[in-house]
>>> print(open('upload_4.pdb').read())   # PDB, C-alpha atoms
MODEL        1
ATOM      1  CA  MET C   1       0.912  17.852  42.346
ATOM      2  CA  ARG C   2       2.846  19.653  45.080
ATOM      3  CA  VAL C   3       1.999  18.202  48.484
ATOM      4  CA  ALA C   4       3.288  18.631  52.033
ATOM      5  CA  VAL C   5       3.626  15.938  54.684
ATOM      6  CA  THR C   6       3.927  16.987  58.320
ATOM      7  CA  GLY C   7       5.950  14.413  60.189
ATOM      8  CA  GLY C   8       7.428  13.492  56.805
ATOM      9  CA  CYS C   9      10.684  12.190  58.280
ATOM     10  CA  GLY C  10       9.074   9.856  60.812
ATOM     11  CA  PHE C  11       8.034   6.212  60.633
ATOM     12  CA  ILE C  12       4.824   6.433  58.615
ATOM     13  CA  GLY C  13       5.432   9.886  57.165
ATOM     14  CA  SER C  14       8.706   8.913  55.521
ATOM     15  CA  HIS C  15       7.040   5.989  53.759
ATOM     16  CA  VAL C  16       4.232   8.288  52.633
ATOM     17  CA  VAL C  17       6.822  10.708  51.215
ATOM     18  CA  ASP C  18       8.594   7.834  49.439
ATOM     19  CA  ARG C  19       5.383   6.597  47.858
ATOM     20  CA  LEU C  20       4.225  10.079  46.810
ATOM     21  CA  ILE C  21       7.563  10.749  45.111
ATOM     22  CA  THR C  22       7.431   7.387  43.344
ATOM     23  CA  ALA C  23       3.956   8.352  42.108
ATOM     24  CA  GLY C  24       5.428  11.514  40.543
ATOM     25  CA  HIS C  25       4.408  14.169  43.072
ATOM     26  CA  GLU C  26       6.530  17.057  44.308
ATOM     27  CA  VAL C  27       6.823  16.634  48.076
ATOM     28  CA  LEU C  28       7.689  18.918  50.984
ATOM     29  CA  ALA C  29       8.523  17.114  54.242
ATOM     30  CA  VAL C  30       7.704  19.301  57.244
ATOM     31  CA  ASP C  31       9.503  17.948  60.290
ATOM     32  CA  THR C  32      11.823  19.039  63.082
ATOM     33  CA  THR C  33      14.134  16.132  62.215
ATOM     34  CA  ASP C  34      15.607  14.752  59.006
ATOM     35  CA  LYS C  35      15.995  11.187  60.307
ATOM     36  CA  TYR C  36      14.332   9.411  57.361
ATOM     37  CA  LEU C  37      14.323  12.280  54.882
ATOM     38  CA  ASN C  38      13.997  11.224  51.239
ATOM     39  CA  ALA C  39      16.759  12.910  49.246
ATOM     40  CA  ASP C  40      14.254  13.795  46.510
ATOM     41  CA  ALA C  41      11.946  15.668  48.899
ATOM     42  CA  GLU C  42      12.224  19.273  50.012
ATOM     43  CA  HIS C  43      12.584  19.704  53.756
ATOM     44  CA  SER C  44      11.236  22.432  56.021
ATOM     45  CA  ARG C  45      12.564  22.085  59.573
ATOM     46  CA  ILE C  46       9.812  23.854  61.489
ATOM     47  CA  ASP C  47       7.522  23.181  64.427
ATOM     48  CA  ILE C  48       3.908  22.847  63.274
ATOM     49  CA  LEU C  49       2.849  25.055  66.204
ATOM     50  CA  ASP C  50       4.726  27.945  64.564
ATOM     51  CA  LEU C  51       1.728  29.118  62.541
ATOM     52  CA  THR C  52       3.549  31.861  60.641
ATOM     53  CA  ALA C  53       6.365  29.578  59.518
ATOM     54  CA  LEU C  54       3.969  26.761  58.703
ATOM     55  CA  THR C  55       1.737  29.010  56.615
ATOM     56  CA  SER C  56       4.755  30.200  54.668
ATOM     57  CA  ALA C  57       5.984  26.628  54.140
ATOM     58  CA  LEU C  58       2.614  25.463  52.780
ATOM     59  CA  ASP C  59       2.402  28.293  50.260
ATOM     60  CA  GLY C  60       2.269  26.769  46.782
ATOM     61  CA  CYS C  61       1.127  23.330  47.964
ATOM     62  CA  GLU C  62      -2.235  21.865  46.972
ATOM     63  CA  VAL C  63      -2.703  19.237  49.703
ATOM     64  CA  VAL C  64      -1.179  18.691  53.138
ATOM     65  CA  PHE C  65      -0.992  15.289  54.807
ATOM     66  CA  HIS C  66      -0.971  15.922  58.559
ATOM     67  CA  LEU C  67       0.885  13.071  60.267
ATOM     68  CA  ALA C  68       2.933  14.935  62.888
ATOM     69  CA  ALA C  69       1.645  13.927  66.320
ATOM     70  CA  MET C  70       2.521  12.320  69.622
ATOM     71  CA  ALA C  71       1.668   8.706  68.791
ATOM     72  CA  ASP C  72       3.241   6.741  71.657
ATOM     73  CA  VAL C  73       0.359   6.093  74.061
ATOM     74  CA  GLU C  74       2.733   5.739  77.002
ATOM     75  CA  GLN C  75       4.217   9.187  76.293
ATOM     76  CA  VAL C  76       0.712  10.621  75.903
ATOM     77  CA  ALA C  77      -0.266   9.313  79.344
ATOM     78  CA  ALA C  78       2.983  10.548  80.888
ATOM     79  CA  ASP C  79       2.787  14.068  79.414
ATOM     80  CA  PRO C  80      -0.864  14.912  78.681
ATOM     81  CA  VAL C  81      -0.300  18.661  78.310
ATOM     82  CA  ARG C  82       2.285  18.169  75.561
ATOM     83  CA  ALA C  83       0.076  15.513  73.940
ATOM     84  CA  VAL C  84      -2.850  17.931  73.724
ATOM     85  CA  ARG C  85      -0.618  20.654  72.287
ATOM     86  CA  MET C  86       0.836  18.322  69.663
ATOM     87  CA  ASN C  87      -2.284  16.398  68.671
ATOM     88  CA  ILE C  88      -5.019  19.021  69.049
ATOM     89  CA  ASP C  89      -3.323  22.434  68.868
ATOM     90  CA  GLY C  90      -1.026  21.051  66.160
ATOM     91  CA  THR C  91      -3.987  19.930  64.079
ATOM     92  CA  GLU C  92      -5.644  23.337  64.419
ATOM     93  CA  ALA C  93      -2.410  25.027  63.338
ATOM     94  CA  VAL C  94      -2.182  22.832  60.235
ATOM     95  CA  LEU C  95      -5.821  23.474  59.359
ATOM     96  CA  GLU C  96      -5.427  27.231  59.774
ATOM     97  CA  ALA C  97      -2.161  27.312  57.793
ATOM     98  CA  SER C  98      -3.882  25.261  55.098
ATOM     99  CA  ARG C  99      -6.777  27.734  55.024
ATOM    100  CA  ARG C 100      -4.515  30.778  54.868
ATOM    101  CA  SER C 101      -2.412  29.217  52.098
ATOM    102  CA  GLY C 102      -5.474  28.237  50.052
ATOM    103  CA  LEU C 103      -4.826  24.484  49.957
ATOM    104  CA  SER C 104      -7.531  22.355  48.388
ATOM    105  CA  ARG C 105      -7.513  19.689  51.086
ATOM    106  CA  THR C 106      -6.073  18.557  54.438
ATOM    107  CA  VAL C 107      -5.590  14.826  54.984
ATOM    108  CA  LEU C 108      -5.610  13.917  58.683
ATOM    109  CA  ALA C 109      -3.923  10.851  60.124
ATOM    110  CA  SER C 110      -6.242   9.362  62.747
ATOM    111  CA  THR C 111      -6.499   5.895  64.256
ATOM    112  CA  VAL C 112      -8.800   2.896  64.648
ATOM    113  CA  TRP C 113      -8.401   3.421  68.393
ATOM    114  CA  VAL C 114     -11.343   5.851  68.043
ATOM    115  CA  TYR C 115     -13.606   2.834  67.484
ATOM    116  CA  GLY C 116     -13.067   1.961  71.124
ATOM    117  CA  ALA C 117     -15.476   4.849  71.767
ATOM    118  CA  ALA C 118     -18.088   3.500  69.349
ATOM    119  CA  LEU C 119     -21.395   2.041  70.454
ATOM    120  CA  THR C 120     -20.994  -1.424  71.910
ATOM    121  CA  ASP C 121     -22.094  -4.453  69.895
ATOM    122  CA  ASP C 122     -25.296  -4.887  71.907
ATOM    123  CA  GLN C 123     -26.219  -1.222  71.262
ATOM    124  CA  LEU C 124     -25.930  -1.559  67.497
ATOM    125  CA  ASP C 125     -28.834  -2.671  65.330
ATOM    126  CA  GLY C 126     -28.326  -6.338  64.523
ATOM    127  CA  GLY C 127     -25.859  -6.900  67.346
ATOM    128  CA  ALA C 128     -22.162  -7.673  66.847
ATOM    129  CA  GLN C 129     -20.880  -6.545  63.466
ATOM    130  CA  GLU C 130     -18.026  -4.891  61.676
ATOM    131  CA  LEU C 131     -17.895  -1.185  62.423
ATOM    132  CA  ASP C 132     -17.681   1.274  59.541
ATOM    133  CA  GLU C 133     -16.822   4.967  59.275
ATOM    134  CA  HIS C 134     -20.388   6.004  60.179
ATOM    135  CA  VAL C 135     -20.794   4.162  63.483
ATOM    136  CA  PRO C 136     -21.877   6.531  66.298
ATOM    137  CA  ILE C 137     -19.155   7.571  68.736
ATOM    138  CA  GLU C 138     -19.845   8.127  72.446
ATOM    139  CA  LEU C 139     -17.438  10.691  73.866
ATOM    140  CA  GLU C 140     -17.791   9.334  77.396
ATOM    141  CA  ARG C 141     -16.260   6.085  76.123
ATOM    142  CA  SER C 142     -13.124   7.751  74.751
ATOM    143  CA  GLY C 143     -11.001   6.168  77.495
ATOM    144  CA  HIS C 144      -7.332   6.802  76.796
ATOM    145  CA  LEU C 145      -6.208  10.402  76.375
ATOM    146  CA  TYR C 146      -4.647   9.430  73.029
ATOM    147  CA  VAL C 147      -8.122   8.543  71.742
ATOM    148  CA  ALA C 148      -9.516  11.825  73.062
ATOM    149  CA  THR C 149      -6.866  13.810  71.171
ATOM    150  CA  LYS C 150      -7.593  11.975  67.917
ATOM    151  CA  LEU C 151     -11.354  12.407  68.268
ATOM    152  CA  ALA C 152     -10.794  16.106  68.947
ATOM    153  CA  ALA C 153      -8.597  16.378  65.846
ATOM    154  CA  GLU C 154     -11.314  14.764  63.727
ATOM    155  CA  MET C 155     -13.884  17.173  65.173
ATOM    156  CA  LEU C 156     -11.675  20.138  64.232
ATOM    157  CA  VAL C 157     -11.465  18.884  60.656
ATOM    158  CA  HIS C 158     -15.250  18.668  60.422
ATOM    159  CA  SER C 159     -15.639  22.115  62.006
ATOM    160  CA  HIS C 160     -13.312  23.668  59.435
ATOM    161  CA  ARG C 161     -15.372  22.082  56.669
ATOM    162  CA  GLU C 162     -18.554  23.542  58.174
ATOM    163  CA  LEU C 163     -17.208  27.014  58.970
ATOM    164  CA  TYR C 164     -14.699  27.656  56.198
ATOM    165  CA  GLY C 165     -15.531  25.159  53.467
ATOM    166  CA  GLN C 166     -12.151  23.426  53.824
ATOM    167  CA  HIS C 167     -12.127  19.970  52.266
ATOM    168  CA  PHE C 168     -10.626  17.044  54.139
ATOM    169  CA  THR C 169      -9.891  13.348  54.174
ATOM    170  CA  ILE C 170      -9.525  11.404  57.430
ATOM    171  CA  LEU C 171      -7.460   8.215  57.408
ATOM    172  CA  ARG C 172      -7.988   6.010  60.460
ATOM    173  CA  TYR C 173      -4.906   3.822  60.605
ATOM    174  CA  GLY C 174      -4.942   0.226  61.690
ATOM    175  CA  ILE C 175      -1.943  -0.690  63.831
ATOM    176  CA  PRO C 176       1.034   0.054  61.550
ATOM    177  CA  TYR C 177       4.283  -1.895  61.534
ATOM    178  CA  GLY C 178       7.332  -2.273  59.324
ATOM    179  CA  PRO C 179      10.756  -0.720  58.664
ATOM    180  CA  ARG C 180      11.532   2.501  60.591
ATOM    181  CA  MET C 181       8.881   1.859  63.257
ATOM    182  CA  ARG C 182       9.583   2.991  66.801
ATOM    183  CA  ASP C 183      11.409   0.527  69.017
ATOM    184  CA  GLU C 184       8.553   0.737  71.541
ATOM    185  CA  LEU C 185       5.980  -0.818  69.176
ATOM    186  CA  VAL C 186       5.115  -4.417  69.967
ATOM    187  CA  VAL C 187       6.335  -6.020  66.727
ATOM    188  CA  ALA C 188       9.631  -4.135  66.979
ATOM    189  CA  ARG C 189      10.090  -5.099  70.630
ATOM    190  CA  PHE C 190       9.456  -8.767  69.944
ATOM    191  CA  VAL C 191      11.744  -8.927  66.897
ATOM    192  CA  GLN C 192      14.539  -7.059  68.643
ATOM    193  CA  ALA C 193      14.247  -9.243  71.729
ATOM    194  CA  ALA C 194      14.463 -12.392  69.604
ATOM    195  CA  LEU C 195      17.505 -11.130  67.680
ATOM    196  CA  ALA C 196      19.229 -10.205  70.946
ATOM    197  CA  GLY C 197      18.408 -13.557  72.560
ATOM    198  CA  ARG C 198      16.143 -11.993  75.198
ATOM    199  CA  PRO C 199      12.740 -13.351  76.284
ATOM    200  CA  ILE C 200       9.592 -11.805  74.795
ATOM    201  CA  THR C 201       7.372 -10.042  77.345
ATOM    202  CA  ILE C 202       3.582  -9.998  76.826
ATOM    203  CA  ALA C 203       1.311  -7.568  78.697
ATOM    204  CA  GLY C 204      -1.781  -9.471  79.866
ATOM    205  CA  ASP C 205      -2.780 -12.867  78.509
ATOM    206  CA  GLY C 206      -1.796 -12.132  74.900
ATOM    207  CA  ARG C 207      -5.288 -12.706  73.508
ATOM    208  CA  GLN C 208      -5.853  -9.021  72.687
ATOM    209  CA  SER C 209      -5.801  -8.672  68.916
ATOM    210  CA  ARG C 210      -5.168  -5.989  66.285
ATOM    211  CA  ASN C 211      -5.511  -5.808  62.526
ATOM    212  CA  PHE C 212      -1.929  -4.820  61.806
ATOM    213  CA  VAL C 213      -1.302  -3.019  58.527
ATOM    214  CA  TYR C 214       2.111  -3.019  56.835
ATOM    215  CA  VAL C 215       3.450   0.514  56.526
ATOM    216  CA  GLU C 216       4.074   0.403  52.761
ATOM    217  CA  ASP C 217       0.483  -0.726  52.193
ATOM    218  CA  LEU C 218      -0.619   2.156  54.405
ATOM    219  CA  ALA C 219       1.517   4.611  52.411
ATOM    220  CA  ASP C 220      -0.116   3.414  49.197
ATOM    221  CA  ALA C 221      -3.513   4.432  50.609
ATOM    222  CA  HIS C 222      -2.260   8.019  50.982
ATOM    223  CA  VAL C 223      -1.462   8.301  47.286
ATOM    224  CA  ARG C 224      -4.904   6.919  46.473
ATOM    225  CA  ALA C 225      -6.461   9.398  48.918
ATOM    226  CA  LEU C 226      -5.511  12.235  46.552
ATOM    227  CA  SER C 227      -8.367  11.029  44.339
ATOM    228  CA  PRO C 228     -11.450  13.277  44.174
ATOM    229  CA  ALA C 229     -13.421  10.289  45.514
ATOM    230  CA  ALA C 230     -11.688  10.742  48.883
ATOM    231  CA  GLU C 231     -12.768  14.354  49.358
ATOM    232  CA  ASP C 232     -14.669  14.884  52.628
ATOM    233  CA  GLN C 233     -14.544  11.159  53.399
ATOM    234  CA  THR C 234     -13.240   9.071  56.302
ATOM    235  CA  PHE C 235     -11.500   5.747  55.689
ATOM    236  CA  ALA C 236     -10.576   2.908  58.029
ATOM    237  CA  LEU C 237      -7.297   1.405  56.825
ATOM    238  CA  GLU C 238      -7.256  -1.933  58.589
ATOM    239  CA  GLY C 239      -5.154  -4.998  57.991
ATOM    240  CA  SER C 240      -7.085  -7.928  56.570
ATOM    241  CA  THR C 241      -6.551 -10.386  59.443
ATOM    242  CA  ALA C 242      -6.738 -10.016  63.209
ATOM    243  CA  VAL C 243      -3.436 -10.910  64.877
ATOM    244  CA  SER C 244      -3.216 -11.488  68.624
ATOM    245  CA  VAL C 245      -0.189 -10.522  70.696
ATOM    246  CA  ARG C 246       0.423 -14.232  71.186
ATOM    247  CA  ASP C 247       0.291 -14.680  67.400
ATOM    248  CA  ILE C 248       3.011 -12.039  67.060
ATOM    249  CA  ALA C 249       5.182 -13.899  69.545
ATOM    250  CA  ASP C 250       4.601 -17.185  67.721
ATOM    251  CA  THR C 251       5.423 -15.587  64.352
ATOM    252  CA  VAL C 252       8.659 -14.137  65.713
ATOM    253  CA  ASP C 253       9.523 -17.474  67.308
ATOM    254  CA  ARG C 254       8.931 -19.241  63.977
ATOM    255  CA  LEU C 255      11.020 -16.734  61.994
ATOM    256  CA  LEU C 256      13.772 -15.912  64.474
ATOM    257  CA  GLY C 257      13.470 -18.335  67.388
ATOM    258  CA  PRO C 258      13.499 -20.197  69.524
ATOM    259  CA  VAL C 259      12.475 -17.568  72.087
ATOM    260  CA  SER C 260      11.115 -17.735  75.626
ATOM    261  CA  ILE C 261       7.970 -15.803  76.650
ATOM    262  CA  SER C 262       7.051 -14.109  79.934
ATOM    263  CA  HIS C 263       3.895 -12.229  80.988
ATOM    264  CA  ILE C 264       3.380  -8.934  82.856
ATOM    265  CA  GLU C 265       0.289  -6.992  83.966
ATOM    266  CA  ALA C 266      -1.955  -5.671  81.193
ATOM    267  CA  ARG C 267      -1.639  -1.989  80.204
ATOM    268  CA  ALA C 268      -4.291   0.387  81.576
ATOM    269  CA  ALA C 269      -6.940   1.748  79.142
ATOM    270  CA  ASP C 270      -5.557  -0.356  76.298
ATOM    271  CA  TYR C 271      -7.481  -0.607  73.028
ATOM    272  CA  ASP C 272      -9.237  -3.986  73.066
ATOM    273  CA  GLY C 273      -9.787  -4.109  69.319
ATOM    274  CA  ARG C 274     -13.086  -4.081  67.428
ATOM    275  CA  ARG C 275     -14.162  -5.639  64.127
ATOM    276  CA  ILE C 276     -13.689  -2.785  61.668
ATOM    277  CA  SER C 277     -14.594  -2.723  57.999
ATOM    278  CA  ALA C 278     -12.167  -1.381  55.372
ATOM    279  CA  ALA C 279     -14.819  -1.810  52.645
ATOM    280  CA  GLN C 280     -15.131   1.919  51.972
ATOM    281  CA  ALA C 281     -11.410   2.220  51.208
ATOM    282  CA  LYS C 282     -11.676  -0.663  48.785
ATOM    283  CA  ARG C 283     -14.820   0.703  47.145
ATOM    284  CA  LEU C 284     -13.786   4.340  46.749
ATOM    285  CA  LEU C 285      -9.985   4.107  46.597
ATOM    286  CA  GLY C 286      -9.426   0.610  45.253
ATOM    287  CA  TRP C 287      -7.227  -0.001  48.320
ATOM    288  CA  SER C 288      -6.742  -3.161  50.301
ATOM    289  CA  PRO C 289      -3.694  -4.423  52.208
ATOM    290  CA  LYS C 290      -1.407  -6.723  50.217
ATOM    291  CA  THR C 291       1.315  -7.774  52.653
ATOM    292  CA  THR C 292       0.788 -10.797  54.918
ATOM    293  CA  PHE C 293       1.747 -10.382  58.550
ATOM    294  CA  THR C 294       4.514 -12.981  58.321
ATOM    295  CA  ASP C 295       6.038 -11.292  55.268
ATOM    296  CA  GLY C 296       5.844  -7.911  56.978
ATOM    297  CA  VAL C 297       7.614  -9.171  60.113
ATOM    298  CA  ARG C 298      10.297 -10.765  57.939
ATOM    299  CA  ARG C 299      10.840  -7.509  56.041
ATOM    300  CA  TYR C 300      11.139  -5.569  59.287
ATOM    301  CA  ALA C 301      13.654  -8.062  60.682
ATOM    302  CA  ASP C 302      15.705  -7.836  57.477
ATOM    303  CA  TRP C 303      15.642  -4.029  57.645
ATOM    304  CA  TYR C 304      16.644  -4.052  61.315
ATOM    305  CA  ARG C 305      19.606  -6.333  60.573
ATOM    306  CA  ASP C 306      20.685  -4.036  57.734
ATOM    307  CA  GLU C 307      20.495  -1.070  60.111
ATOM    308  CA  GLY C 308      22.878  -2.892  62.443
ATOM    309  CA  GLY C 309      20.682  -2.810  65.526
ATOM    310  CA  PRO C 310      21.896  -4.453  68.757
ATOM    311  CA  GLY C 311      21.784  -8.216  68.388
ATOM    312  CA  ALA C 312      20.885  -7.892  64.704
ATOM    313  CA  GLY C 313      23.688 -10.155  63.626
ATOM    314  CA  ARG C 314      22.086 -13.211  65.209
ATOM    315  CA  ALA C 315      21.227 -15.833  62.579
ATOM    316  CA  ALA C 316      17.538 -16.343  61.903
ATOM    317  CA  GLY C 317      15.848 -19.678  62.211
ATOM    318  CA  GLY C 318      12.578 -21.013  60.825
ATOM    319  CA  SER C 319      11.216 -20.215  57.410
TER     320      SER C 319
ENDMDL
END
>>> encode(input="upload_4.pdb", output="structure tokens")
Amino acid sequence: MRVAVTGGCGFIGSHVVDRLITAGHEVLAVDTTDKYLNADAEHSRIDILDLTALTSALDGCEVVFHLAAMADVEQVAADPVRAVRMNIDGTEAVLEASRRSGLSRTVLASTVWVYGAALTDDQLDGGAQELDEHVPIELERSGHLYVATKLAAEMLVHSHRELYGQHFTILRYGIPYGPRMRDELVVARFVQAALAGRPITIAGDGRQSRNFVYVEDLADAHVRALSPAAEDQTFALEGSTAVSVRDIADTVDRLLGPVSISHIEARAADYDGRRISAAQAKRLLGWSPKTTFTDGVRRYADWYRDEGGPGAGRAAGGS
């Protein structure tokens, strides 16, 4: 199958391209950079907001995975106009280019942050529970602008299905980590600080938790999402175990320490984390995360050393 991946040279997108190629697909990476371009993929260096160029690039593809977006929540808050153009206008451009080029499906990268806008536990029948893909969302609870852009992107996908009959799959990512991740992400910051001999800084009390998902496990879900069973479905792709920020620090200390830890003020409008079910992905796609958090952190640290990052030559301790 010939498929396109917007953002195919970025952190998650490059792993998706790698996994698709390994699975035998012909892949076009659509990205303004070639930072992590797979040599076996075609590359189209275009801006997704250039509708004419994007439509031409998608010609001959069957499915497009739309991963290109502004994903750094700090950048979103600092430049909301650009964030809306990238995450909302960019999604509309991909959907329209997909429609014009006659693709069979658009696969949208979303996020579990949208569950922060779900009904609260005491509003749900039966009280506190794991949230699934069908839990009601309250727009007034969207909170961070990043969440608003992702909810809007999901709404556009559903509107295109209703108006034009375009098929879709929505993948709501857990918090991804692993090789090639941005330096700003918490696991990367902690590992790099430890390797450089700097203290680890925690925003807030460190009890906030996430179900981190290793990026190669996440990429595997994309290949599985090409299945007919994924058509017009939404999937939460969560890690199997909740990991607190303090747990991350302790894991890094165990693998690379000893390290010292300091605390700063909590980030505004942060995602507090909810209990989210990945049962639908397991049932329909046969997908579940395989990589333990400790193994994933170790693999990232090994990759970072191989890349020769600052302080990467420091010997690791622990086991």
>>> residues_around(input="upload_4.pdb", residues="Arg2 of chain C", least_positions_apart="3", cutoff="9 Å", atoms="all atoms listed in the file", output="list in words")
His25, Glu26, Val27, Leu28, Gly60, Cys61, Glu62 and Val63 of chain C
>>> resolve_selection(input="upload_4.pdb", expression="the PyMOL selection byres ((chain C and resi 237) around 10)", output="ChimeraX atom specification")
/C:110-112,171-176,211-213,217-218,221,234-236,238-240,276-282,287-289
>>> closest_residue(input="upload_4.pdb", among="C:Trp113, C:Tyr304, C:Tyr36, C:Phe168", to="Leu195 of chain C", atoms="only C-alpha atoms")
C:Tyr304
>>> atom_distance(input="upload_4.pdb", atom1="atom CA of Ile12 of chain C", atom2="atom CA of Asn38 of chain C")
12.7 Å
>>> resolve_selection(input="upload_4.pdb", expression="the PyMOL selection byres ((chain C and resi 192-194) around 9)", output="list in words")
Asp183, Val187, Ala188, Arg189, Phe190, Val191, Leu195, Ala196, Gly197, Arg198, Pro199, Ile200, Thr201, Val252, Asp253, Leu256, Gly257, Pro258, Val259, Ser260, Ala301, Tyr304, Gly309, Pro310, Gly311, Ala312 and Arg314 of chain C
>>> residues_around(input="upload_4.pdb", residues="segment 81-97 of chain C", least_positions_apart="3", cutoff="7 Å", atoms="all atoms listed in the file", output="compact mmCIF listing (two decimals) with C-alpha atoms, in the frame of the given file")
# COMPACT_ATOMS: atom_id res chain seq x y z
CA ILE C 48 3.91 22.85 63.27
CA LEU C 49 2.85 25.06 66.20
CA LEU C 51 1.73 29.12 62.54
CA LEU C 54 3.97 26.76 58.70
CA THR C 55 1.74 29.01 56.62
CA ALA C 69 1.64 13.93 66.32
CA MET C 70 2.52 12.32 69.62
CA VAL C 76 0.71 10.62 75.90
CA ARG C 100 -4.51 30.78 54.87
CA SER C 101 -2.41 29.22 52.10
CA THR C 106 -6.07 18.56 54.44
CA THR C 149 -6.87 13.81 71.17
CA LYS C 150 -7.59 11.98 67.92
CA ALA C 152 -10.79 16.11 68.95
CA ALA C 153 -8.60 16.38 65.85
CA LEU C 156 -11.68 20.14 64.23
>>> atom_distance(input="upload_4.pdb", atom1="atom CA of Leu139 of chain C", atom2="atom CA of Asp232 of chain C")
21.8 Å
>>> closest_residue(input="upload_4.pdb", among="C:Asp220, C:Asp40, C:Glu74, C:Glu307", to="Lys290 of chain C", atoms="only C-alpha atoms")
C:Asp220
>>> residues_around(input="upload_4.pdb", residues="Pro228 of chain C", least_positions_apart="5", cutoff="12 Å", atoms="only C-alpha atoms", output="PyMOL selection string")
chain C and resi 63+104-105+167-169+223+233+284-285
>>> atom_distance(input="upload_4.pdb", atom1="atom CA of Ala249 of chain C", atom2="atom CA of Ile261 of chain C")
7.9 Å
>>> resolve_selection(input="upload_4.pdb", expression="the PyMOL selection byres ((chain C and resi 5) around 12)", output="MDAnalysis selection string")
chainID C and resid 2:4 6:10 12:21 25:31 37:38 41:45 48 54 57:58 61:69 94 98 106:109 219 222:223
>>> residues_around(input="upload_4.pdb", residues="segment 262-267 of chain C", least_positions_apart="5", cutoff="6 Å", atoms="only C-alpha atoms", output="NGL selection string")
:C and (201-204)
>>> write_last_selection(input="upload_4.pdb", atoms="C-alpha atoms", output="PDB file, in the coordinates of the input")
ATOM      1  CA  THR C 201       7.372 -10.042  77.345  1.00  0.00           C
ATOM      2  CA  ILE C 202       3.582  -9.998  76.826  1.00  0.00           C
ATOM      3  CA  ALA C 203       1.311  -7.568  78.697  1.00  0.00           C
ATOM      4  CA  GLY C 204      -1.781  -9.471  79.866  1.00  0.00           C
TER       5      GLY C 204
END
